[in-house]
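Data first, discussion second: the structure below is written as C-alpha cells.
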Amino acid sequence: MSRRTISQEEEIDEYPDGTVKLRNPHIELMDQDILYHLALGSESHDLVSMFGDVKFVVMGGTPKRVEQFAYYIMQEIGHKLPAGTTLLDISQYSYRYSMYKVGPVLSISHGMGIPSVGILLHEVIKLMYHARVKDPIFFRIGTCGGIGIEGGTVVISEEAVDGLLRPVLELPVLGKMHSRPARLDKKLTRELKALATAEDPYDTIIGKTMCTYDFYEGQGRLDGAFCDYTDEDKMAFLGRVHEAGVTNIEMESLSFAALTHHAGIKSAVICVTLVDRLKGDQVLAPKEVLSEWQERPQKLVCRYIKRYLQMKGRLSLDGHCGSMCVKSPRRFKLVQQESEHVD
Ligand SMILES: O=P(O)(O)O[C@H]1O[C@H](CO)[C@@H](O)[C@H]1O
Ligand SMILES: O=c1cc[nH]c(=O)[nH]1
C-alpha cells in the first residue's frame, strides 16, 4: 500500500492497483455485507462480475433523471443491449434508490439531501470495494438555485461549503462532532470546464457551491410553511454569501465531496440553476424548459466519459463502434492527441 498526499492536512492510503480501500477494519471480518438500500449483497451477488468493469458513477436526485442518463450514455457510447431487452433498475427491490448499469457507467439516484446521499455513498463506496473497481470517478448531475446568474446556467463546483460557509461535513458520531473536509478534484473540474463549447447556448461556469440541510428556510426562501425573517434579511444573506464567492445553492455537494474525498475517489459536482435567487424563490420555468435544462449537466459528463473512453481506445472518434471496440493503433493515436486534457 502507498500513501498519496491529497492536501497538506490529509494523506490517504491507496492500493497500488487503484482499487478502492475501505477505512473500516470491520468489513473484511464480516461473513457477508448486505448493501441493504441497494438490494445487493456480497454473498448473494457476484459483485465482481456484475460491477468489476465500472469506471464512472453518475448520481442525480431523481430516478427519472438517472434512467434518462443511462439511456443517453448508452446511445452515445454505442452500448448494445440484447435484442428485445431494456435496461434494468438493479436496485428496484430496495424501493429506495434506482441504479442502471451501461458498460463502465453506473447511473444511480440519490434522493434529496445529505442523509439520503450519505447513506447511498457508504453503500456505493463499499460496492466499489467488493467489486474491486479500479480508480472510479464519481459525478453528481444535479439542479440548484443560482445567485446572480441566469436560469439554465451550468455550474461546476470548485468547492462545497455548508450554510455557514465552512468547507466541511459535520456529523455527530458516538456523541462527538466529526468534521470531514469537503474536497472536489480540481483537475477534474478544469477538465469538465474545458469540455464546454462556445456552441453551447448557455454558460458553463466554475463556482463555489453552498450545500444546505433544507430547501426553504435553509436556503433563505420566503415561501416555506414557516419564515421568521424579512425580505431584507434574506437579500442581505444572499448578498453576503454571493460576496463570499457562492454561485449556487443545493443540498448534497457537501456530503458528496467529503465522502468521496475520504475514500480517495475523484469526484465532481455539476448542477444546472433553475432560478436566480436574487430575483425570486419559486421555480417558475415551464416543465419542458426544466427538462431541457436538466440535460445540460448530463451532456457535459457524457462528453467527459466519451473522451475518456476514446483516449483508452474503447470508443471511436465518431462514438459509434461499441463501447469496448478495438481500433487500429493509428486511429488511437489521433484520439489520444485530441484528448490530452483528460486523465
Ligand atoms: O435535482 P437534485 O439532484 O435532487 O438537486 C437539488 O434538487 C433538490 C431540491 O429540489 C435537492 O436534492 C437539491 O440538491
Ligand atoms: O433553489 C434551488 C433549486 C434546486 N435545488 C435547490 O436545492 N435549490
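By order of appearance in the C-alpha cells: chains A, B, ..., then residues from 1 within every chain, and ligands from 1 in the order shown.
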
Discussion item. Can you tell me, as number ranges by chain, which residues in stretch 156-290 of chain A count as helix (DSSP H, G or I) by DSSP?
Written reply: A: 186-194, 217-219, 231-243, 253-262, 287-290

Stretch 181-198 of chain A environment, 8 Å, only C-alpha atoms, sequence neighbours closer than 2 positions dropped, as a PyMOL selection string
chain A and resi 156-161+167-169+179+200-201+204-206+254-259+261+266-269+300-301+303-304+341-342

Do you have, as CSV, the list of residues of chain A lying at most 10 Å from ligand 1, each with its nearest atom pair and that distance in Å to one decimal, counting only C-alpha atoms and all ligand atoms and ordered by chain then number?
residue,atom,partner,partner_atom_place_in_ligand_line,distance
A:Met59,CA,ligand 1,3 (O),7.9
A:Gly60,CA,ligand 1,3 (O),4.5
A:Gly61,CA,ligand 1,4 (O),3.3
A:Thr62,CA,ligand 1,4 (O),6.0
A:Pro63,CA,ligand 1,4 (O),9.7
A:Arg65,CA,ligand 1,3 (O),8.6
A:Val66,CA,ligand 1,3 (O),9.8
A:Ser109,CA,ligand 1,3 (O),8.3
A:His110,CA,ligand 1,4 (O),7.6
A:Gly111,CA,ligand 1,4 (O),6.1
A:Met112,CA,ligand 1,12 (O),3.7
A:Gly113,CA,ligand 1,12 (O),5.2
A:Ile114,CA,ligand 1,12 (O),8.5
A:Ser116,CA,ligand 1,12 (O),9.2
A:Val117,CA,ligand 1,12 (O),9.0
A:Arg140,CA,ligand 1,3 (O),7.4
A:Ile141,CA,ligand 1,3 (O),6.2
A:Gly142,CA,ligand 1,3 (O),3.5
A:Thr143,CA,ligand 1,1 (O),4.0
A:Cys144,CA,ligand 1,6 (C),5.2
A:Gly145,CA,ligand 1,6 (C),8.3
A:Met210,CA,ligand 1,14 (O),9.9
A:Cys211,CA,ligand 1,14 (O),7.6
A:Thr212,CA,ligand 1,14 (O),8.3
A:Tyr213,CA,ligand 1,14 (O),9.3
A:Asp214,CA,ligand 1,9 (C),8.4
A:Phe215,CA,ligand 1,9 (C),6.1
A:Tyr216,CA,ligand 1,9 (C),9.5
A:Ile249,CA,ligand 1,14 (O),7.6
A:Glu250,CA,ligand 1,14 (O),3.9
A:Met251,CA,ligand 1,14 (O),3.6
A:Glu252,CA,ligand 1,14 (O),5.2
A:Ser253,CA,ligand 1,14 (O),7.5
A:Val269,CA,ligand 1,3 (O),9.9
A:Ile270,CA,ligand 1,3 (O),9.5
A:Cys271,CA,ligand 1,3 (O),7.6
A:Val272,CA,ligand 1,1 (O),8.6
A:Thr273,CA,ligand 1,6 (C),9.4
A:Leu274,CA,ligand 1,7 (O),9.3
A:Val283,CA,ligand 1,10 (O),9.3
A:Gln294,CA,ligand 1,1 (O),8.2

Put those residues in a file: N, CA and C atoms, as a tab-separated table (two decimals), in the first residue's frame.
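Output below, filename selection04.tsv:
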chain	number	residue	atom	x	y	z
A	59	MET	N	-24.41	10.23	-10.31
A	59	MET	CA	-25.55	10.28	-9.40
A	59	MET	C	-26.36	11.56	-9.63
A	60	GLY	N	-27.67	11.44	-9.45
A	60	GLY	CA	-28.55	12.61	-9.53
A	60	GLY	C	-29.74	12.37	-8.63
A	61	GLY	N	-30.50	13.42	-8.36
A	61	GLY	CA	-31.55	13.32	-7.35
A	61	GLY	C	-32.67	12.34	-7.67
A	62	THR	N	-33.15	12.34	-8.94
A	62	THR	CA	-34.38	11.60	-9.21
A	62	THR	C	-34.15	10.32	-10.02
A	63	PRO	N	-35.01	9.30	-9.79
A	63	PRO	CA	-34.92	8.07	-10.58
A	63	PRO	C	-35.07	8.34	-12.07
A	65	ARG	N	-34.23	11.03	-13.82
A	65	ARG	CA	-33.03	11.64	-14.41
A	65	ARG	C	-31.94	10.59	-14.66
A	66	VAL	N	-31.76	9.68	-13.69
A	66	VAL	CA	-30.66	8.71	-13.87
A	66	VAL	C	-31.03	7.64	-14.89
A	109	SER	N	-29.75	7.06	-8.57
A	109	SER	CA	-30.46	8.20	-7.95
A	109	SER	C	-30.09	8.27	-6.47
A	110	HIS	N	-30.01	9.52	-5.94
A	110	HIS	CA	-29.60	9.65	-4.53
A	110	HIS	C	-30.67	10.28	-3.65
A	111	GLY	N	-31.83	10.63	-4.20
A	111	GLY	CA	-32.85	11.27	-3.36
A	111	GLY	C	-32.43	12.69	-3.01
A	112	MET	N	-33.12	13.26	-1.99
A	112	MET	CA	-32.84	14.65	-1.63
A	112	MET	C	-32.11	14.76	-0.29
A	113	GLY	N	-31.05	15.52	-0.28
A	113	GLY	CA	-30.41	15.90	0.97
A	113	GLY	C	-29.23	15.04	1.39
A	114	ILE	N	-28.49	15.59	2.37
A	114	ILE	CA	-27.24	14.97	2.84
A	114	ILE	C	-27.46	13.58	3.44
A	116	SER	N	-29.69	11.31	2.72
A	116	SER	CA	-30.00	10.35	1.66
A	116	SER	C	-28.76	10.05	0.81
A	117	VAL	N	-28.04	11.09	0.38
A	117	VAL	CA	-26.86	10.84	-0.46
A	117	VAL	C	-25.75	10.19	0.38
A	140	ARG	N	-21.82	14.07	-9.63
A	140	ARG	CA	-23.23	14.36	-9.30
A	140	ARG	C	-23.76	15.30	-10.37
A	141	ILE	N	-24.87	14.91	-11.02
A	141	ILE	CA	-25.51	15.78	-12.02
A	141	ILE	C	-26.82	16.26	-11.38
A	142	GLY	N	-26.84	17.52	-10.95
A	142	GLY	CA	-27.96	17.98	-10.15
A	142	GLY	C	-28.61	19.25	-10.65
A	143	THR	N	-29.55	19.73	-9.83
A	143	THR	CA	-30.15	21.04	-10.05
A	143	THR	C	-29.85	21.90	-8.82
A	144	CYS	N	-29.98	23.22	-8.97
A	144	CYS	CA	-29.63	24.11	-7.86
A	144	CYS	C	-30.30	25.47	-8.08
A	145	GLY	N	-30.18	26.33	-7.10
A	145	GLY	CA	-30.55	27.72	-7.27
A	145	GLY	C	-29.28	28.51	-7.55
A	210	MET	N	-22.93	26.30	-2.16
A	210	MET	CA	-23.39	26.18	-0.78
A	210	MET	C	-24.36	25.01	-0.69
A	211	CYS	N	-24.14	24.14	0.29
A	211	CYS	CA	-24.98	22.95	0.46
A	211	CYS	C	-25.75	23.09	1.78
A	212	THR	N	-27.06	23.05	1.69
A	212	THR	CA	-27.88	23.31	2.89
A	212	THR	C	-28.66	22.05	3.30
A	213	TYR	N	-29.18	22.09	4.52
A	213	TYR	CA	-29.96	20.96	5.04
A	213	TYR	C	-31.45	21.10	4.74
A	214	ASP	N	-31.81	22.16	4.02
A	214	ASP	CA	-33.22	22.41	3.76
A	214	ASP	C	-33.36	23.26	2.50
A	215	PHE	N	-34.49	23.09	1.81
A	215	PHE	CA	-34.75	23.84	0.57
A	215	PHE	C	-35.35	25.21	0.89
A	216	TYR	N	-36.11	25.30	1.97
A	216	TYR	CA	-36.86	26.54	2.27
A	216	TYR	C	-36.07	27.45	3.21
A	249	ILE	N	-26.69	27.16	-4.85
A	249	ILE	CA	-27.08	26.50	-3.60
A	249	ILE	C	-27.84	25.21	-3.94
A	250	GLU	N	-27.43	24.12	-3.32
A	250	GLU	CA	-28.14	22.85	-3.47
A	250	GLU	C	-28.02	22.06	-2.15
A	251	MET	N	-28.24	20.73	-2.19
A	251	MET	CA	-28.40	20.03	-0.92
A	251	MET	C	-27.60	18.73	-0.74
A	252	GLU	N	-26.66	18.44	-1.65
A	252	GLU	CA	-25.90	17.19	-1.50
A	252	GLU	C	-24.39	17.32	-1.64
A	253	SER	N	-23.91	18.45	-2.22
A	253	SER	CA	-22.49	18.52	-2.61
A	253	SER	C	-21.53	18.32	-1.44
A	269	VAL	N	-19.02	17.84	-9.03
A	269	VAL	CA	-20.45	18.16	-8.92
A	269	VAL	C	-20.79	19.16	-10.01
A	270	ILE	N	-21.79	18.81	-10.81
A	270	ILE	CA	-22.19	19.68	-11.93
A	270	ILE	C	-23.71	19.87	-11.81
A	271	CYS	N	-24.12	21.12	-11.58
A	271	CYS	CA	-25.55	21.38	-11.40
A	271	CYS	C	-26.02	22.47	-12.36
A	272	VAL	N	-27.29	22.39	-12.75
A	272	VAL	CA	-27.86	23.46	-13.56
A	272	VAL	C	-28.75	24.32	-12.66
A	273	THR	N	-28.68	25.64	-12.84
A	273	THR	CA	-29.50	26.53	-12.00
A	273	THR	C	-30.93	26.57	-12.53
A	274	LEU	N	-31.91	26.50	-11.61
A	274	LEU	CA	-33.32	26.53	-12.02
A	274	LEU	C	-33.95	27.89	-11.78
A	283	VAL	N	-39.62	28.19	-8.38
A	283	VAL	CA	-39.13	27.67	-9.66
A	283	VAL	C	-40.29	27.80	-10.65
A	294	GLN	N	-32.13	20.29	-17.34
A	294	GLN	CA	-31.55	19.17	-16.59
A	294	GLN	C	-30.67	18.27	-17.46

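Minimum atom-to-atom distance to A:His122, evaluated using only C-alpha atoms, belongs to A:Leu22 out of A:Gly41, A:Leu22, A:Arg221, A:Glu243.
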
Strand (DSSP E or B) residues, from DSSP on the backbone, in stretch 142-272 of chain A, as a ChimeraX atom specification:
/A:142-146,154-161,168-173,176-181,204-211,246-250,266-272

For those residues, write N, CA and C atoms to a file as a CSV table (one decimal), in the first residue's frame.
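So again_29.csv came out as:
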chain,number,residue,atom,x,y,z
A,142,GLY,N,-26.8,17.5,-11.0
A,142,GLY,CA,-28.0,18.0,-10.2
A,142,GLY,C,-28.6,19.3,-10.6
A,143,THR,N,-29.5,19.7,-9.8
A,143,THR,CA,-30.2,21.0,-10.0
A,143,THR,C,-29.9,21.9,-8.8
A,144,CYS,N,-30.0,23.2,-9.0
A,144,CYS,CA,-29.6,24.1,-7.9
A,144,CYS,C,-30.3,25.5,-8.1
A,145,GLY,N,-30.2,26.3,-7.1
A,145,GLY,CA,-30.6,27.7,-7.3
A,145,GLY,C,-29.3,28.5,-7.6
A,146,GLY,N,-29.3,29.5,-8.5
A,146,GLY,CA,-28.2,30.3,-8.8
A,146,GLY,C,-28.2,31.6,-8.0
A,154,VAL,N,-24.9,26.2,-16.2
A,154,VAL,CA,-24.3,25.0,-15.6
A,154,VAL,C,-23.2,25.5,-14.7
A,155,VAL,N,-23.2,25.0,-13.5
A,155,VAL,CA,-22.2,25.4,-12.5
A,155,VAL,C,-21.4,24.1,-12.1
A,156,ILE,N,-20.1,24.1,-12.4
A,156,ILE,CA,-19.2,23.0,-11.9
A,156,ILE,C,-18.6,23.5,-10.6
A,157,SER,N,-18.8,22.7,-9.5
A,157,SER,CA,-18.4,23.2,-8.2
A,157,SER,C,-16.9,23.1,-8.0
A,158,GLU,N,-16.3,24.2,-7.6
A,158,GLU,CA,-14.8,24.1,-7.2
A,158,GLU,C,-14.7,23.8,-5.8
A,159,GLU,N,-15.7,24.0,-5.0
A,159,GLU,CA,-15.7,23.8,-3.6
A,159,GLU,C,-17.1,23.7,-3.1
A,160,ALA,N,-17.3,22.9,-2.0
A,160,ALA,CA,-18.6,22.8,-1.4
A,160,ALA,C,-18.5,23.4,0.0
A,161,VAL,N,-19.5,24.2,0.4
A,161,VAL,CA,-19.4,24.8,1.8
A,161,VAL,C,-20.8,24.6,2.4
A,168,VAL,N,-16.6,21.9,5.3
A,168,VAL,CA,-16.5,20.6,6.0
A,168,VAL,C,-17.9,20.0,6.2
A,169,LEU,N,-18.0,18.7,6.2
A,169,LEU,CA,-19.2,18.0,6.5
A,169,LEU,C,-19.1,17.6,8.0
A,170,GLU,N,-20.1,18.1,8.8
A,170,GLU,CA,-20.1,17.7,10.2
A,170,GLU,C,-21.1,16.6,10.5
A,171,LEU,N,-20.7,15.6,11.3
A,171,LEU,CA,-21.6,14.5,11.6
A,171,LEU,C,-21.4,14.1,13.0
A,172,PRO,N,-22.4,14.1,13.9
A,172,PRO,CA,-22.2,13.6,15.2
A,172,PRO,C,-22.0,12.1,15.2
A,173,VAL,N,-20.9,11.6,15.7
A,173,VAL,CA,-20.6,10.1,15.8
A,173,VAL,C,-20.2,9.8,17.2
A,176,LYS,N,-19.9,12.6,19.6
A,176,LYS,CA,-18.9,13.7,19.3
A,176,LYS,C,-19.0,14.2,17.9
A,177,MET,N,-18.8,15.5,17.7
A,177,MET,CA,-18.9,16.0,16.3
A,177,MET,C,-17.7,15.6,15.5
A,178,HIS,N,-17.9,15.0,14.4
A,178,HIS,CA,-16.8,14.7,13.4
A,178,HIS,C,-16.8,15.6,12.2
A,179,SER,N,-15.7,16.1,11.8
A,179,SER,CA,-15.6,17.0,10.7
A,179,SER,C,-14.8,16.4,9.6
A,180,ARG,N,-15.4,16.4,8.4
A,180,ARG,CA,-14.6,15.8,7.2
A,180,ARG,C,-14.5,16.9,6.1
A,181,PRO,N,-13.3,17.2,5.6
A,181,PRO,CA,-13.1,18.2,4.6
A,181,PRO,C,-13.9,17.8,3.3
A,204,THR,N,-21.4,27.8,-19.0
A,204,THR,CA,-20.9,26.8,-18.0
A,204,THR,C,-19.8,27.5,-17.2
A,205,ILE,N,-20.0,27.6,-15.9
A,205,ILE,CA,-19.0,28.3,-15.1
A,205,ILE,C,-18.5,27.4,-13.9
A,206,ILE,N,-17.4,27.8,-13.3
A,206,ILE,CA,-16.9,27.1,-12.1
A,206,ILE,C,-17.2,28.0,-11.0
A,207,GLY,N,-17.8,27.5,-9.9
A,207,GLY,CA,-18.1,28.3,-8.7
A,207,GLY,C,-18.1,27.6,-7.4
A,208,LYS,N,-18.3,28.3,-6.4
A,208,LYS,CA,-18.4,27.8,-5.0
A,208,LYS,C,-19.9,27.4,-4.7
A,209,THR,N,-20.1,26.2,-4.2
A,209,THR,CA,-21.5,25.8,-4.0
A,209,THR,C,-21.8,25.7,-2.5
A,210,MET,N,-22.9,26.3,-2.2
A,210,MET,CA,-23.4,26.2,-0.8
A,210,MET,C,-24.4,25.0,-0.7
A,211,CYS,N,-24.1,24.1,0.3
A,211,CYS,CA,-25.0,23.0,0.5
A,211,CYS,C,-25.7,23.1,1.8
A,246,VAL,N,-20.0,32.5,-3.4
A,246,VAL,CA,-21.0,31.4,-3.6
A,246,VAL,C,-21.8,31.7,-4.9
A,247,THR,N,-21.8,30.7,-5.8
A,247,THR,CA,-22.6,31.0,-7.1
A,247,THR,C,-23.9,30.2,-7.1
A,248,ASN,N,-24.0,29.1,-6.3
A,248,ASN,CA,-25.2,28.3,-6.4
A,248,ASN,C,-25.4,27.6,-5.0
A,249,ILE,N,-26.7,27.2,-4.9
A,249,ILE,CA,-27.1,26.5,-3.6
A,249,ILE,C,-27.8,25.2,-3.9
A,250,GLU,N,-27.4,24.1,-3.3
A,250,GLU,CA,-28.1,22.9,-3.5
A,250,GLU,C,-28.0,22.1,-2.2
A,266,LYS,N,-11.9,10.3,-6.9
A,266,LYS,CA,-12.1,11.6,-7.6
A,266,LYS,C,-13.5,11.9,-7.8
A,267,SER,N,-13.9,13.1,-7.6
A,267,SER,CA,-15.3,13.4,-7.9
A,267,SER,C,-15.5,14.9,-8.3
A,268,ALA,N,-16.7,15.1,-8.9
A,268,ALA,CA,-17.1,16.4,-9.4
A,268,ALA,C,-18.6,16.6,-9.2
A,269,VAL,N,-19.0,17.8,-9.0
A,269,VAL,CA,-20.4,18.2,-8.9
A,269,VAL,C,-20.8,19.2,-10.0
A,270,ILE,N,-21.8,18.8,-10.8
A,270,ILE,CA,-22.2,19.7,-11.9
A,270,ILE,C,-23.7,19.9,-11.8
A,271,CYS,N,-24.1,21.1,-11.6
A,271,CYS,CA,-25.6,21.4,-11.4
A,271,CYS,C,-26.0,22.5,-12.4
A,272,VAL,N,-27.3,22.4,-12.8
A,272,VAL,CA,-27.9,23.5,-13.6
A,272,VAL,C,-28.8,24.3,-12.7

Computed gap from atom CA of A:Arg307 to atom CA of A:Ser49 is 25.1 Å

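When the distance limit is 8 Å and only C-alpha atoms are what count, the residues near A:Trp293, minus those fewer than 2 positions from it on the same chain, are Gly152, Val272, Leu274, Val289, Leu290, Ser291, Glu295 and Arg296 of chain A.
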
Expected file contents, prior selection, C-alpha atoms, as an mmCIF file, in the first residue's frame:
data_model
loop_
_atom_site.group_PDB
_atom_site.id
_atom_site.type_symbol
_atom_site.label_atom_id
_atom_site.label_comp_id
_atom_site.auth_asym_id
_atom_site.auth_seq_id
_atom_site.Cartn_x
_atom_site.Cartn_y
_atom_site.Cartn_z
ATOM 1 C CA GLY A 152 -30.172 27.259 -17.157
ATOM 2 C CA VAL A 272 -27.862 23.464 -13.563
ATOM 3 C CA LEU A 274 -33.322 26.532 -12.016
ATOM 4 C CA VAL A 289 -37.719 24.149 -20.123
ATOM 5 C CA LEU A 290 -36.763 22.499 -16.820
ATOM 6 C CA SER A 291 -36.355 19.146 -18.594
ATOM 7 C CA GLU A 295 -29.967 17.603 -19.682
ATOM 8 C CA ARG A 296 -27.122 20.143 -19.646
#

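The smallest atom-to-atom distance between A:His130 and any of A:Gly103, A:Pro82, A:Gly52, A:Gly175, using only C-alpha atoms, is found for A:Gly52.
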
- Would you kindly return, as a list in words, each protein, DNA or RNA residue with an atom no farther than 12 Å from any atom of stretch 223-231 of chain A, considering only C-alpha atoms and excluding same-chain residues fewer than 5 positions away? Asp214, Phe215, Tyr216, Glu217, Gly218, Ala236, Phe237, Leu238, Arg277, Leu278, Lys279, Gly280, Asp281, Gln282 and Val283 of chain A

Selected residues written out with C-alpha atoms, as a compact mmCIF listing (two decimals), in the first residue's frame:
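Full text of again.txt as output:
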# COMPACT_ATOMS: atom_id res chain seq x y z
CA ASP A 214 -33.22 22.41 3.76
CA PHE A 215 -34.75 23.84 0.57
CA TYR A 216 -36.86 26.54 2.27
CA GLU A 217 -35.53 28.23 5.43
CA GLY A 218 -32.08 26.65 4.93
CA ALA A 236 -28.67 40.58 2.94
CA PHE A 237 -27.85 36.88 3.46
CA LEU A 238 -27.78 36.12 -0.29
CA ARG A 277 -32.32 33.55 -6.14
CA LEU A 278 -31.60 37.31 -6.33
CA LYS A 279 -34.81 37.55 -8.41
CA GLY A 280 -37.11 35.13 -6.61
CA ASP A 281 -37.69 31.91 -4.71
CA GLN A 282 -40.16 29.90 -6.78
CA VAL A 283 -39.13 27.67 -9.66
